$ cat work.pdb   # PDB, C-alpha atoms
ATOM      1  CA  MET A   1      13.397 -10.228 -10.423
ATOM      2  CA  ASN A   2      15.736 -10.839  -7.527
ATOM      3  CA  ALA A   3      15.963 -14.628  -7.331
ATOM      4  CA  SER A   4      16.438 -14.472  -3.570
ATOM      5  CA  ARG A   5      13.135 -12.683  -2.937
ATOM      6  CA  GLU A   6      11.103 -14.429  -0.258
ATOM      7  CA  TRP A   7       7.367 -14.268   0.363
ATOM      8  CA  ALA A   8       5.005 -14.667   3.301
ATOM      9  CA  VAL A   9       1.237 -14.984   3.598
ATOM     10  CA  ASN A  10      -0.856 -12.947   6.005
ATOM     11  CA  CYS A  11      -3.164 -15.606   7.411
ATOM     12  CA  SER A  12      -5.499 -13.098   9.032
ATOM     13  CA  ILE A  13      -6.712 -11.838   5.661
ATOM     14  CA  LEU A  14      -6.086 -14.866   3.402
ATOM     15  CA  PHE A  15      -7.537 -18.385   3.728
ATOM     16  CA  THR A  16     -10.418 -16.864   5.680
ATOM     17  CA  ASP A  17     -12.736 -19.697   4.636
ATOM     18  CA  LEU A  18     -10.825 -21.802   7.171
ATOM     19  CA  PRO A  19     -10.641 -21.531  10.959
ATOM     20  CA  LEU A  20      -7.682 -19.413  12.024
ATOM     21  CA  LEU A  21      -5.632 -22.318  13.325
ATOM     22  CA  GLU A  22      -5.953 -24.233  10.047
ATOM     23  CA  ARG A  23      -4.560 -21.421   7.941
ATOM     24  CA  PRO A  24      -0.821 -21.987   8.532
ATOM     25  CA  ALA A  25      -1.206 -25.492   7.103
ATOM     26  CA  ALA A  26      -3.142 -24.057   4.143
ATOM     27  CA  ALA A  27      -0.302 -21.633   3.494
ATOM     28  CA  LYS A  28       2.168 -24.504   3.585
ATOM     29  CA  ASP A  29       0.022 -26.506   1.169
ATOM     30  CA  ALA A  30      -0.012 -23.496  -1.166
ATOM     31  CA  GLY A  31       3.784 -23.509  -1.255
ATOM     32  CA  PHE A  32       4.704 -20.903   1.342
ATOM     33  CA  ASP A  33       7.162 -21.397   4.180
ATOM     34  CA  ALA A  34       6.374 -18.244   6.155
ATOM     35  CA  VAL A  35       3.247 -16.608   7.567
ATOM     36  CA  GLU A  36       2.230 -13.537   9.496
ATOM     37  CA  PHE A  37      -0.858 -12.717  11.550
ATOM     38  CA  TRP A  38      -2.731  -9.840  13.033
ATOM     39  CA  TRP A  39      -3.269 -10.241  16.780
ATOM     40  CA  PRO A  40      -5.128 -13.588  16.856
ATOM     41  CA  TRP A  41      -7.547 -12.662  19.678
ATOM     42  CA  PRO A  42      -9.510  -9.504  18.765
ATOM     43  CA  GLY A  43     -10.444  -7.465  21.806
ATOM     44  CA  VAL A  44      -8.562  -9.799  24.146
ATOM     45  CA  PRO A  45      -5.126  -8.564  25.256
ATOM     46  CA  VAL A  46      -4.275 -11.686  27.257
ATOM     47  CA  PRO A  47      -5.635 -14.979  25.879
ATOM     48  CA  SER A  48      -5.821 -18.128  27.961
ATOM     49  CA  ALA A  49      -2.710 -20.297  28.180
ATOM     50  CA  SER A  50      -4.465 -22.954  26.100
ATOM     51  CA  GLU A  51      -5.349 -20.449  23.354
ATOM     52  CA  GLU A  52      -1.795 -19.165  23.253
ATOM     53  CA  ASP A  53      -0.447 -22.696  23.082
ATOM     54  CA  ALA A  54      -2.880 -23.707  20.323
ATOM     55  CA  PHE A  55      -1.809 -20.760  18.164
ATOM     56  CA  CYS A  56       1.893 -21.564  18.500
ATOM     57  CA  GLN A  57       1.258 -25.272  17.993
ATOM     58  CA  ALA A  58      -0.658 -24.653  14.754
ATOM     59  CA  ILE A  59       2.351 -22.840  13.323
ATOM     60  CA  GLU A  60       4.767 -25.524  14.495
ATOM     61  CA  ASP A  61       2.589 -28.346  13.187
ATOM     62  CA  ALA A  62       2.278 -26.672   9.767
ATOM     63  CA  GLY A  63       6.049 -26.432   9.423
ATOM     64  CA  VAL A  64       6.052 -22.715   8.611
ATOM     65  CA  ARG A  65       7.851 -19.744  10.154
ATOM     66  CA  LEU A  66       5.959 -16.955  11.864
ATOM     67  CA  ILE A  67       7.754 -13.876  10.535
ATOM     68  CA  GLY A  68       5.349 -11.117  11.584
ATOM     69  CA  LEU A  69       2.729 -10.472  14.256
ATOM     70  CA  ASN A  70       0.564  -7.467  14.996
ATOM     71  CA  LEU A  71       0.706  -6.335  18.584
ATOM     72  CA  TYR A  72      -2.631  -6.169  20.381
ATOM     73  CA  ALA A  73      -4.733  -3.597  18.517
ATOM     74  CA  GLY A  74      -8.090  -3.662  20.300
ATOM     75  CA  ASP A  75     -11.110  -5.153  18.573
ATOM     76  CA  MET A  76     -10.210  -4.948  14.885
ATOM     77  CA  PRO A  77     -13.417  -6.633  13.588
ATOM     78  CA  ALA A  78     -15.327  -3.900  15.426
ATOM     79  CA  GLY A  79     -13.237  -1.219  13.733
ATOM     80  CA  GLU A  80     -10.475  -0.487  16.223
ATOM     81  CA  ARG A  81      -7.006  -0.003  14.796
ATOM     82  CA  GLY A  82      -4.651   0.024  17.735
ATOM     83  CA  VAL A  83      -4.545   1.163  21.344
ATOM     84  CA  LEU A  84      -1.037   2.658  21.525
ATOM     85  CA  SER A  85      -2.296   6.216  21.779
ATOM     86  CA  ASP A  86      -5.160   5.614  24.220
ATOM     87  CA  PRO A  87      -4.151   6.767  27.730
ATOM     88  CA  ALA A  88      -6.852   4.581  29.296
ATOM     89  CA  ARG A  89      -5.494   1.374  27.726
ATOM     90  CA  ALA A  90      -1.780   1.443  28.472
ATOM     91  CA  THR A  91      -2.051  -1.302  31.097
ATOM     92  CA  GLU A  92      -4.065  -3.451  28.696
ATOM     93  CA  PHE A  93      -1.533  -2.962  25.917
ATOM     94  CA  ARG A  94       1.493  -3.637  28.091
ATOM     95  CA  ALA A  95      -0.011  -6.836  29.443
ATOM     96  CA  SER A  96      -0.346  -8.059  25.868
ATOM     97  CA  VAL A  97       3.342  -7.406  25.228
ATOM     98  CA  ASP A  98       4.183 -10.140  27.717
ATOM     99  CA  VAL A  99       2.077 -12.531  25.621
ATOM    100  CA  THR A 100       3.923 -11.368  22.519
ATOM    101  CA  ALA A 101       7.262 -12.137  24.163
ATOM    102  CA  ARG A 102       6.166 -15.675  24.967
ATOM    103  CA  ILE A 103       4.975 -16.249  21.399
ATOM    104  CA  ALA A 104       8.272 -14.913  20.109
ATOM    105  CA  GLU A 105      10.249 -17.231  22.362
ATOM    106  CA  ARG A 106       8.364 -20.209  21.018
ATOM    107  CA  THR A 107       8.014 -19.325  17.332
ATOM    108  CA  GLY A 108      11.011 -17.107  16.642
ATOM    109  CA  VAL A 109       8.929 -14.197  15.305
ATOM    110  CA  ARG A 110      10.918 -10.949  15.413
ATOM    111  CA  ALA A 111       8.809  -8.315  13.581
ATOM    112  CA  PHE A 112       5.850  -6.710  15.345
ATOM    113  CA  ASN A 113       3.359  -4.259  13.834
ATOM    114  CA  ALA A 114       2.232  -1.698  16.402
ATOM    115  CA  LEU A 115      -0.968  -0.059  15.139
ATOM    116  CA  TYR A 116      -1.218   3.484  16.445
ATOM    117  CA  GLY A 117      -4.922   3.848  17.218
ATOM    118  CA  GLN A 118      -7.600   6.233  15.999
ATOM    119  CA  ARG A 119      -7.959   9.737  17.366
ATOM    120  CA  LEU A 120     -10.057   9.919  20.522
ATOM    121  CA  ASP A 121     -12.662  12.552  21.287
ATOM    122  CA  GLY A 122     -12.069  14.500  24.478
ATOM    123  CA  VAL A 123      -8.338  13.755  24.670
ATOM    124  CA  ALA A 124      -5.787  16.218  23.308
ATOM    125  CA  ALA A 125      -3.936  14.915  20.271
ATOM    126  CA  SER A 126      -0.660  15.863  21.939
ATOM    127  CA  GLU A 127      -1.516  13.641  24.909
ATOM    128  CA  GLN A 128      -2.408  10.753  22.613
ATOM    129  CA  ASP A 129       0.898  11.170  20.790
ATOM    130  CA  ARG A 130       2.829  11.296  24.067
ATOM    131  CA  VAL A 131       1.227   8.081  25.296
ATOM    132  CA  ALA A 132       1.817   6.384  21.945
ATOM    133  CA  VAL A 133       5.542   7.073  22.115
ATOM    134  CA  GLN A 134       5.671   5.866  25.707
ATOM    135  CA  ASN A 135       3.987   2.606  24.738
ATOM    136  CA  LEU A 136       6.151   2.216  21.660
ATOM    137  CA  THR A 137       9.339   2.622  23.655
ATOM    138  CA  TYR A 138       8.078   0.192  26.294
ATOM    139  CA  ALA A 139       7.277  -2.452  23.668
ATOM    140  CA  ALA A 140      10.492  -1.743  21.758
ATOM    141  CA  ARG A 141      12.539  -2.364  24.878
ATOM    142  CA  LYS A 142      10.701  -5.630  25.549
ATOM    143  CA  VAL A 143      11.072  -7.039  22.034
ATOM    144  CA  GLY A 144      14.537  -5.594  21.639
ATOM    145  CA  ALA A 145      15.689  -7.887  24.425
ATOM    146  CA  PHE A 146      15.405 -10.811  21.991
ATOM    147  CA  GLY A 147      16.310  -9.006  18.773
ATOM    148  CA  GLY A 148      12.815  -7.884  17.786
ATOM    149  CA  THR A 149      11.787  -4.887  15.683
ATOM    150  CA  LEU A 150       8.652  -2.773  16.036
ATOM    151  CA  LEU A 151       6.906  -1.548  12.886
ATOM    152  CA  VAL A 152       4.770   1.577  12.455
ATOM    153  CA  GLU A 153       2.223   1.568   9.635
ATOM    154  CA  PRO A 154       0.144   4.191   7.818
ATOM    155  CA  LEU A 155      -3.426   3.069   7.062
ATOM    156  CA  ALA A 156      -5.857   3.968   4.294
ATOM    157  CA  ARG A 157      -8.081   6.895   5.194
ATOM    158  CA  GLY A 158     -11.820   6.311   5.077
ATOM    159  CA  LEU A 159     -11.457   2.643   6.004
ATOM    160  CA  ASN A 160      -9.935   3.018   9.434
ATOM    161  CA  GLY A 161     -11.686   5.898  11.173
ATOM    162  CA  ALA A 162      -9.681   8.885  12.366
ATOM    163  CA  TYR A 163      -6.346   7.078  12.113
ATOM    164  CA  PRO A 164      -3.716   9.829  12.109
ATOM    165  CA  LEU A 165      -0.922   8.088  10.174
ATOM    166  CA  GLU A 166      -1.776   8.241   6.474
ATOM    167  CA  THR A 167       1.550   8.575   4.679
ATOM    168  CA  ALA A 168       5.051   7.204   4.981
ATOM    169  CA  ALA A 169       6.100  10.619   6.295
ATOM    170  CA  ASP A 170       3.431  10.466   9.021
ATOM    171  CA  ALA A 171       4.651   7.065  10.162
ATOM    172  CA  MET A 172       8.304   8.087   9.983
ATOM    173  CA  ALA A 173       7.610  11.067  12.233
ATOM    174  CA  VAL A 174       6.427   8.586  14.873
ATOM    175  CA  VAL A 175       9.415   6.341  14.227
ATOM    176  CA  GLU A 176      11.756   9.294  14.758
ATOM    177  CA  ARG A 177      10.013  10.322  17.981
ATOM    178  CA  ALA A 178      10.334   6.785  19.297
ATOM    179  CA  ARG A 179      14.004   6.661  18.340
ATOM    180  CA  ALA A 180      14.597   9.989  20.052
ATOM    181  CA  ALA A 181      13.077   8.452  23.184
ATOM    182  CA  GLY A 182      15.587   5.612  23.039
ATOM    183  CA  ALA A 183      13.815   3.022  20.878
ATOM    184  CA  ALA A 184      16.330   2.343  18.121
ATOM    185  CA  ASN A 185      14.546  -0.820  16.936
ATOM    186  CA  VAL A 186      11.499   0.897  15.401
ATOM    187  CA  LYS A 187      11.014   0.962  11.616
ATOM    188  CA  LEU A 188       8.480   1.688   8.882
ATOM    189  CA  LEU A 189       6.007  -0.884   7.631
ATOM    190  CA  PHE A 190       5.684  -0.212   3.899
ATOM    191  CA  ASP A 191       2.240  -1.355   2.710
ATOM    192  CA  THR A 192       1.465  -0.639  -0.934
ATOM    193  CA  PHE A 193      -2.311  -0.643  -0.558
ATOM    194  CA  HIS A 194      -2.453   1.882   2.251
ATOM    195  CA  LEU A 195       0.133   4.211   0.730
ATOM    196  CA  VAL A 196      -1.366   4.224  -2.766
ATOM    197  CA  SER A 197      -4.907   4.565  -1.406
ATOM    198  CA  ASN A 198      -3.854   7.762   0.369
ATOM    199  CA  GLY A 199      -2.137   9.185  -2.694
ATOM    200  CA  ASP A 200       1.396   8.763  -1.368
ATOM    201  CA  ASP A 201       4.182   8.612  -3.949
ATOM    202  CA  VAL A 202       5.367   5.031  -3.419
ATOM    203  CA  GLU A 203       8.591   5.398  -5.373
ATOM    204  CA  LYS A 204       9.532   8.632  -3.626
ATOM    205  CA  ALA A 205       8.693   7.189  -0.207
ATOM    206  CA  ALA A 206      10.655   3.995  -0.855
ATOM    207  CA  ARG A 207      13.747   5.878  -1.969
ATOM    208  CA  GLU A 208      13.555   8.457   0.801
ATOM    209  CA  HIS A 209      13.061   5.898   3.569
ATOM    210  CA  ALA A 210      14.973   2.933   2.134
ATOM    211  CA  ALA A 211      17.090   2.507   5.247
ATOM    212  CA  ASP A 212      14.022   2.683   7.496
ATOM    213  CA  ILE A 213      11.785   0.061   5.837
ATOM    214  CA  GLY A 214      11.496  -2.865   8.194
ATOM    215  CA  HIS A 215       8.857  -4.862   6.336
ATOM    216  CA  VAL A 216       6.832  -4.760   3.109
ATOM    217  CA  GLN A 217       3.232  -5.842   2.613
ATOM    218  CA  ILE A 218       1.456  -5.821  -0.738
ATOM    219  CA  ALA A 219      -2.078  -5.543  -2.034
ATOM    220  CA  ASP A 220      -3.330  -3.848  -5.161
ATOM    221  CA  ALA A 221      -5.217  -0.564  -5.106
ATOM    222  CA  PRO A 222      -7.987   0.230  -5.366
ATOM    223  CA  GLY A 223      -9.774  -2.764  -3.887
ATOM    224  CA  ARG A 224      -7.070  -4.423  -1.762
ATOM    225  CA  GLY A 225      -7.117  -7.468  -4.020
ATOM    226  CA  ARG A 226      -4.244  -9.563  -5.321
ATOM    227  CA  PRO A 227      -1.736  -7.968  -7.703
ATOM    228  CA  GLY A 228      -3.282  -7.427 -11.114
ATOM    229  CA  THR A 229      -6.720  -6.464  -9.818
ATOM    230  CA  GLY A 230      -5.931  -2.767  -9.427
ATOM    231  CA  GLY A 231      -3.597  -0.141 -10.790
ATOM    232  CA  ILE A 232      -0.234  -0.806  -9.117
ATOM    233  CA  ASP A 233       2.638  -1.841 -11.379
ATOM    234  CA  PHE A 234       4.105  -4.607  -9.249
ATOM    235  CA  GLY A 235       6.896  -5.396 -11.681
ATOM    236  CA  ALA A 236       8.132  -1.844 -11.231
ATOM    237  CA  LEU A 237       7.593  -2.046  -7.486
ATOM    238  CA  PHE A 238       9.645  -5.216  -7.077
ATOM    239  CA  ALA A 239      12.413  -3.753  -9.236
ATOM    240  CA  LEU A 240      12.382  -0.659  -7.036
ATOM    241  CA  LEU A 241      12.658  -2.730  -3.872
ATOM    242  CA  ASP A 242      15.607  -4.556  -5.398
ATOM    243  CA  GLU A 243      17.216  -1.256  -6.347
ATOM    244  CA  ILE A 244      16.961   0.269  -2.876
ATOM    245  CA  GLY A 245      18.388  -2.879  -1.322
ATOM    246  CA  TYR A 246      15.335  -4.281   0.440
ATOM    247  CA  ARG A 247      16.014  -7.941   1.198
ATOM    248  CA  GLY A 248      13.261  -8.761   3.666
ATOM    249  CA  ARG A 249      10.136 -10.814   3.154
ATOM    250  CA  ILE A 250       7.278  -9.501   1.048
ATOM    251  CA  ALA A 251       4.001 -10.376   2.723
ATOM    252  CA  LEU A 252       0.789 -10.931   0.788
ATOM    253  CA  GLU A 253      -1.836  -8.996   2.730
ATOM    254  CA  TYR A 254      -4.730  -8.821   0.330
ATOM    255  CA  VAL A 255      -8.345  -9.917   0.132
ATOM    256  CA  ASP A 256      -8.945 -12.994  -2.012
ATOM    257  CA  PRO A 257     -11.859 -15.235  -0.971
ATOM    258  CA  GLN A 258     -10.510 -18.077  -3.130
ATOM    259  CA  PRO A 259      -6.750 -17.527  -2.984
ATOM    260  CA  ASP A 260      -5.114 -17.628  -6.396
ATOM    261  CA  PHE A 261      -1.354 -17.173  -6.536
ATOM    262  CA  ALA A 262      -0.956 -17.543 -10.297
ATOM    263  CA  TRP A 263       0.006 -13.856 -10.529
ATOM    264  CA  MET A 264       3.339 -14.734  -8.896
ATOM    265  CA  GLU A 265       4.462 -16.605 -12.013
ATOM    266  CA  ASN A 266       4.928 -13.254 -13.727
ATOM    267  CA  HIS A 267       7.371 -12.126 -11.059
ATOM    268  CA  ARG A 268       9.634 -15.132 -10.590
ATOM    269  CA  THR A 269      12.222 -14.269 -13.246
TER
END
$ encode --input "work.pdb" --output "structure tokens"
Amino acid sequence: MNASREWAVNCSILFTDLPLLERPAAAKDAGFDAVEFWWPWPGVPVPSASEEDAFCQAIEDAGVRLIGLNLYAGDMPAGERGVLSDPARATEFRASVDVTARIAERTGVRAFNALYGQRLDGVAASEQDRVAVQNLTYAARKVGAFGGTLLVEPLARGLNGAYPLETAADAMAVVERARAAGAANVKLLFDTFHLVSNGDDVEKAAREHAADIGHVQIADAPGRGRPGTGGIDFGALFALLDEIGYRGRIALEYVDPQPDFAWMENHRT
């Protein structure tokens, strides 16, 4: 194993027995120095100033780095998975980007996951795709001003409604459209659970898109549990990431009601 490999904990899916603002400290207590979050205010594009401050303060007080943040994605607990492609919600999304910029200024976060959004009835797919690229380029320009990167992620079919990005190739097609529109700072979010769940060839995708992978998240499949609970060979995966030159954080984004990180001992040497 690459001795320099660094980890992060997704505090929106782990330590869920605790209130959200107590989770960064729990991650620190578990031995991690970096965290990531989904958008902390489901269904609310612009939180109050006090809510925004409390979120940033919880990270600062815990002594961890915020290394990843989902952009506003609608009401995820209710099943929404992004608003990028919804023509009726562009103003809502763009208002949230201003919040993101303030959080970034305070915490130093530089990687932002922009969930695409499910297909909408009554709106042509081509129109949804056009709006998505417009919103991506808008957000990319905003975060690019302080060195940020936008990430585009495929999601597991069957769990996320009519979400149109299912494979690495699907996501990369969006990345390329955004780049063609002038957004050079857009990359692929490589999530093992989603890719394997959809039958994507993880090794082939990693090799083909090595230069385009902006962030890696892991969970086993099936089940989205910690490594060792499903069928993914994580030893082989980590060796592959080393081979293709990935040197970014690896974020633990799996379901584990009583977080157990003992599996990591098998991947430290």
$ residues_around --input "work.pdb" --residues "A:Ala169" --least-positions-apart "4" --cutoff "10 Å" --atoms "all atoms listed in the file" --output "ChimeraX atom specification"
/A:154,165,173-175,188,200,205,208-209
$ resolve_selection --input "work.pdb" --expression "the PyMOL selection byres ((chain A and resi 85) around 7)" --output "ChimeraX atom specification"
/A:83-84,86-87,116-117,128-129,131-132
$ write_last_selection --input "work.pdb" --atoms "C-alpha atoms" --output "PDB file, in the frame of the given file"
ATOM      1  CA  VAL A  83      -4.545   1.163  21.344  1.00  0.00           C
ATOM      2  CA  LEU A  84      -1.037   2.658  21.525  1.00  0.00           C
ATOM      3  CA  ASP A  86      -5.160   5.614  24.220  1.00  0.00           C
ATOM      4  CA  PRO A  87      -4.151   6.767  27.730  1.00  0.00           C
ATOM      5  CA  TYR A 116      -1.218   3.484  16.445  1.00  0.00           C
ATOM      6  CA  GLY A 117      -4.922   3.848  17.218  1.00  0.00           C
ATOM      7  CA  GLN A 128      -2.408  10.753  22.613  1.00  0.00           C
ATOM      8  CA  ASP A 129       0.898  11.170  20.790  1.00  0.00           C
ATOM      9  CA  VAL A 131       1.227   8.081  25.296  1.00  0.00           C
ATOM     10  CA  ALA A 132       1.817   6.384  21.945  1.00  0.00           C
TER      11      ALA A 132
END
$ resolve_selection --input "work.pdb" --expression "the PyMOL selection byres ((chain A and resi 6) around 7)" --output "list in words"
Ser4, Arg5, Trp7, Arg249 and Ile250 of chain A
$ atom_distance --input "work.pdb" --atom1 "atom CA of A:Tyr254" --atom2 "atom CA of A:Asn10"
8.0 Å
$ residues_near_point --input "work.pdb" --point "(14.1, -8.9, 17.9)" --cutoff "12 Å" --atoms "only C-alpha atoms" --output "list in words"
Ile67, Gly68, Thr100, Ala101, Ala104, Glu105, Gly108, Val109, Arg110, Ala111, Phe112, Ala139, Ala140, Arg141, Lys142, Val143, Gly144, Ala145, Phe146, Gly147, Gly148, Thr149, Leu150, Leu151, Ala184, Asn185, Val186 and Gly214 of chain A
$ closest_residue --input "work.pdb" --among "A:Val123, A:Leu241, A:Leu18, A:Val9" --to "A:Pro257" --atoms "all atoms listed in the file"
A:Leu18
$ closest_residue --input "work.pdb" --among "A:Gly79, A:Gly74, A:Pro24, A:Gly31" --to "A:Asn160" --atoms "all atoms listed in the file"
A:Gly79
$ atom_distance --input "work.pdb" --atom1 "atom CA of A:Val152" --atom2 "atom CA of A:Tyr246"
17.0 Å
$ atom_distance --input "work.pdb" --atom1 "atom CA of A:Leu136" --atom2 "atom CA of A:Ala114"
7.6 Å
$ resolve_selection --input "work.pdb" --expression "the PyMOL selection byres ((chain A and resi 80) around 10)" --output "PyMOL selection string"
chain A and resi 42-43+73-79+81-83+115+117-118+160-161+163
$ write_last_selection --input "work.pdb" --atoms "C-alpha atoms" --output "tab-separated table (two decimals), in the frame of the given file"
chain	number	residue	atom	x	y	z
A	42	PRO	CA	-9.51	-9.50	18.76
A	43	GLY	CA	-10.44	-7.46	21.81
A	73	ALA	CA	-4.73	-3.60	18.52
A	74	GLY	CA	-8.09	-3.66	20.30
A	75	ASP	CA	-11.11	-5.15	18.57
A	76	MET	CA	-10.21	-4.95	14.88
A	77	PRO	CA	-13.42	-6.63	13.59
A	78	ALA	CA	-15.33	-3.90	15.43
A	79	GLY	CA	-13.24	-1.22	13.73
A	81	ARG	CA	-7.01	0.00	14.80
A	82	GLY	CA	-4.65	0.02	17.74
A	83	VAL	CA	-4.54	1.16	21.34
A	115	LEU	CA	-0.97	-0.06	15.14
A	117	GLY	CA	-4.92	3.85	17.22
A	118	GLN	CA	-7.60	6.23	16.00
A	160	ASN	CA	-9.94	3.02	9.43
A	161	GLY	CA	-11.69	5.90	11.17
A	163	TYR	CA	-6.35	7.08	12.11
$ closest_residue --input "work.pdb" --among "A:Val35, A:Val44, A:Ala183, A:Ala58" --to "A:Pro19" --atoms "only C-alpha atoms"
A:Ala58
$ closest_atom_pairs --input "work.pdb" --of "stretch 136-200 of chain A" --to "stretch 224-239 of chain A" --cutoff "10 Å" --atoms "all atoms listed in the file" --output "JSON lines"
{"residue": "A:Thr192", "atom": "CA", "partner": "A:Ile232", "partner_atom": "CA", "distance": 8.4}
{"residue": "A:Phe193", "atom": "CA", "partner": "A:Arg224", "partner_atom": "CA", "distance": 6.2}
{"residue": "A:His194", "atom": "CA", "partner": "A:Arg224", "partner_atom": "CA", "distance": 8.8}
{"residue": "A:Val196", "atom": "CA", "partner": "A:Ile232", "partner_atom": "CA", "distance": 8.2}
{"residue": "A:Ser197", "atom": "CA", "partner": "A:Arg224", "partner_atom": "CA", "distance": 9.3}
$ residues_around --input "work.pdb" --residues "A:Phe15" --least-positions-apart "5" --cutoff "12 Å" --atoms "only C-alpha atoms" --output "list in words"
Val9, Asn10, Leu20, Leu21, Glu22, Arg23, Pro24, Ala25, Ala26, Ala27, Lys28, Asp29, Ala30, Val35, Phe37, Leu252, Glu253, Tyr254, Val255, Asp256, Pro257, Gln258, Pro259 and Asp260 of chain A
$ closest_residue --input "work.pdb" --among "A:Ile244, A:Ala90, A:Ile213, A:Leu195" --to "A:Thr167" --atoms "only C-alpha atoms"
A:Leu195
$ residues_around --input "work.pdb" --residues "A:Ala210" --least-positions-apart "4" --cutoff "12 Å" --atoms "all atoms listed in the file" --output "list in words"
Ala168, Met172, Lys187, Leu188, Leu189, Phe190, Val202, Glu203, Lys204, Ala205, Ala206, Gly214, His215, Val216, Leu240, Leu241, Asp242, Glu243, Ile244, Gly245, Tyr246, Arg247 and Gly248 of chain A
$ closest_residue --input "work.pdb" --among "A:Asn198, A:Gln134, A:Glu36, A:Glu153" --to "A:Ile59" --atoms "all atoms listed in the file"
A:Glu36
$ axis_aligned_box --input "work.pdb" --around "stretch 35-48 of chain A" --padding-each-side "3 Å" --output "AutoDock Vina command-line options"
--center_x -3.6 --center_y -12.8 --center_z 17.8 --size_x 19.7 --size_y 16.7 --size_z 26.4
$ closest_residue --input "work.pdb" --among "A:Val64, A:Leu69, A:Ile218, A:Val133" --to "A:Trp39" --atoms "only C-alpha atoms"
A:Leu69
$ residues_around --input "work.pdb" --residues "stretch 46-51 of chain A" --least-positions-apart "3" --cutoff "9 Å" --atoms "only C-alpha atoms" --output "PyMOL selection string"
chain A and resi 41+54-56+72+92+95-99
